[in-house]
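Worksheet: one structure, shown below.
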Amino acid sequence: MYPELEADLEPEVIEASVRPWAVKAITWLLFGQAAVLFGTAVYTFLLLDEITPPQADVNQLLALLTLLNIPIVFLSMALLALASAFSFLGLWRSGWSIGMLTQGLILVATLILFSFTAPYYVYLNMGYAVALVLYLHHPDVEAAFHVKETPGNGESA
């Protein structure tokens, strides 16, 4: 009916050669998050040296096995954050989904860790992940990964 109004309602598709400042910023923030998660994995691994091995108590053995999983979880999250950062660097269409998946898994892992013990590094990782979730919903970031539908893609003309 009013083509000029309909054109304003359609989201813009940003070309791969044009990278908005929000996408650049989130890329560097994801690289930073990968570094923080890797540092947390190393720190928690170094803490294992201070723990005395369990004698014969099953509860202590389960606690030690749980503590062994913490560096492995943080290392895998660091690798996922690194993959997310590289997907943002290349402006891959799946980059936004990988970024949100990374933040969701980090929040789940830190909430589980928070429920058992509340080490100070959990707060750092939780805060960083929440900030990145909010920043991933920035309109420029979402527009960079939006795929514009064409009439040949299943829409009726």
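Following the order of the structure tokens, first chain is A, next is B, and so on, with residues numbered from 1 inside each chain and ligands from 1 in the order they appear.
Residues surrounding stretch 103-118 of chain A within 9 Å are Ile70, Val73, Phe74, Met77, Ala81, Ile98, Tyr123, Asn125, Met126, Tyr128, Ala129, Val130, Leu132 and Val133 of chain A [only C-alpha atoms; sequence separation below 5 positions excluded].
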Any chance you can output those residues with N, CA and C atoms as a PDB file, in the first residue's frame?
```pdb
ATOM      1  N   ILE A  70      36.499 -29.294  36.852  1.00  0.00           N
ATOM      2  CA  ILE A  70      36.373 -27.838  36.734  1.00  0.00           C
ATOM      3  C   ILE A  70      37.346 -27.264  35.705  1.00  0.00           C
ATOM      4  N   VAL A  73      36.154 -28.211  32.186  1.00  0.00           N
ATOM      5  CA  VAL A  73      34.973 -27.456  31.756  1.00  0.00           C
ATOM      6  C   VAL A  73      35.381 -26.058  31.307  1.00  0.00           C
ATOM      7  N   PHE A  74      36.220 -25.382  32.092  1.00  0.00           N
ATOM      8  CA  PHE A  74      36.630 -24.030  31.720  1.00  0.00           C
ATOM      9  C   PHE A  74      37.494 -24.018  30.464  1.00  0.00           C
ATOM     10  N   MET A  77      35.116 -24.410  27.561  1.00  0.00           N
ATOM     11  CA  MET A  77      34.408 -23.146  27.337  1.00  0.00           C
ATOM     12  C   MET A  77      35.318 -22.115  26.676  1.00  0.00           C
ATOM     13  N   ALA A  81      34.543 -20.295  23.200  1.00  0.00           N
ATOM     14  CA  ALA A  81      34.558 -18.835  23.069  1.00  0.00           C
ATOM     15  C   ALA A  81      35.525 -18.407  21.967  1.00  0.00           C
ATOM     16  N   ILE A  98      26.567 -19.385  17.741  1.00  0.00           N
ATOM     17  CA  ILE A  98      27.672 -19.963  18.509  1.00  0.00           C
ATOM     18  C   ILE A  98      27.986 -19.078  19.717  1.00  0.00           C
ATOM     19  N   TYR A 123      32.108 -15.220  39.837  1.00  0.00           N
ATOM     20  CA  TYR A 123      31.438 -13.935  39.652  1.00  0.00           C
ATOM     21  C   TYR A 123      31.964 -13.217  38.413  1.00  0.00           C
ATOM     22  N   ASN A 125      33.302 -14.567  35.677  1.00  0.00           N
ATOM     23  CA  ASN A 125      32.817 -15.240  34.466  1.00  0.00           C
ATOM     24  C   ASN A 125      31.321 -15.041  34.253  1.00  0.00           C
ATOM     25  N   MET A 126      30.546 -15.038  35.337  1.00  0.00           N
ATOM     26  CA  MET A 126      29.104 -14.791  35.207  1.00  0.00           C
ATOM     27  C   MET A 126      28.828 -13.382  34.705  1.00  0.00           C
ATOM     28  N   TYR A 128      30.793 -11.384  33.016  1.00  0.00           N
ATOM     29  CA  TYR A 128      31.257 -11.246  31.639  1.00  0.00           C
ATOM     30  C   TYR A 128      30.261 -11.871  30.671  1.00  0.00           C
ATOM     31  N   ALA A 129      29.745 -13.047  31.029  1.00  0.00           N
ATOM     32  CA  ALA A 129      28.797 -13.735  30.144  1.00  0.00           C
ATOM     33  C   ALA A 129      27.480 -12.977  30.042  1.00  0.00           C
ATOM     34  N   VAL A 130      26.993 -12.437  31.149  1.00  0.00           N
ATOM     35  CA  VAL A 130      25.748 -11.675  31.111  1.00  0.00           C
ATOM     36  C   VAL A 130      25.922 -10.423  30.256  1.00  0.00           C
ATOM     37  N   LEU A 132      27.995 -10.012  27.783  1.00  0.00           N
ATOM     38  CA  LEU A 132      28.074 -10.395  26.375  1.00  0.00           C
ATOM     39  C   LEU A 132      26.716 -10.816  25.817  1.00  0.00           C
ATOM     40  N   VAL A 133      25.875 -11.431  26.636  1.00  0.00           N
ATOM     41  CA  VAL A 133      24.522 -11.768  26.166  1.00  0.00           C
ATOM     42  C   VAL A 133      23.761 -10.489  25.828  1.00  0.00           C
TER      43      VAL A 133
END
```
Counting only C-alpha atoms, which residues of stretch 76-114 of chain A sit at most 10 Å from some atom of stretch 136-145 of chain A, and what is each one's closest atom pair with its distance in Å to one decimal, listed by chain and rising residue number, as a tab-separated table?
```
residue	atom	partner	partner_atom	distance
A:Phe88	CA	A:Phe145	CA	9.3
A:Leu91	CA	A:Phe145	CA	7.2
A:Trp92	CA	A:Phe145	CA	7.6
A:Arg93	CA	A:Phe145	CA	5.5
A:Ser94	CA	A:Phe145	CA	7.9
A:Gly95	CA	A:Phe145	CA	7.7
A:Trp96	CA	A:Phe145	CA	6.8
A:Ser97	CA	A:Phe145	CA	9.5
A:Gly99	CA	A:Leu136	CA	7.8
A:Met100	CA	A:Leu136	CA	7.5
A:Gln103	CA	A:Leu136	CA	9.8
```
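Here atom CA of A:Leu46 stands at a distance of 19.8 Å from atom CA of A:Gln33.
The gap separating atom CA of A:Phe38 from atom CA of A:Leu79 is 8.2 Å, in Å to one decimal.
Nearest-residue note for A:Val36: choosing from A:Val122, A:Ala22, A:Ala83, A:Leu89, the minimum distance belongs to A:Val122, counting only C-alpha atoms.
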inquiry  = Just the number, please: distance in Å from atom CA of A:Tyr120 to atom CA of A:Ala35, one decimal.
reply    = 16.9 Å
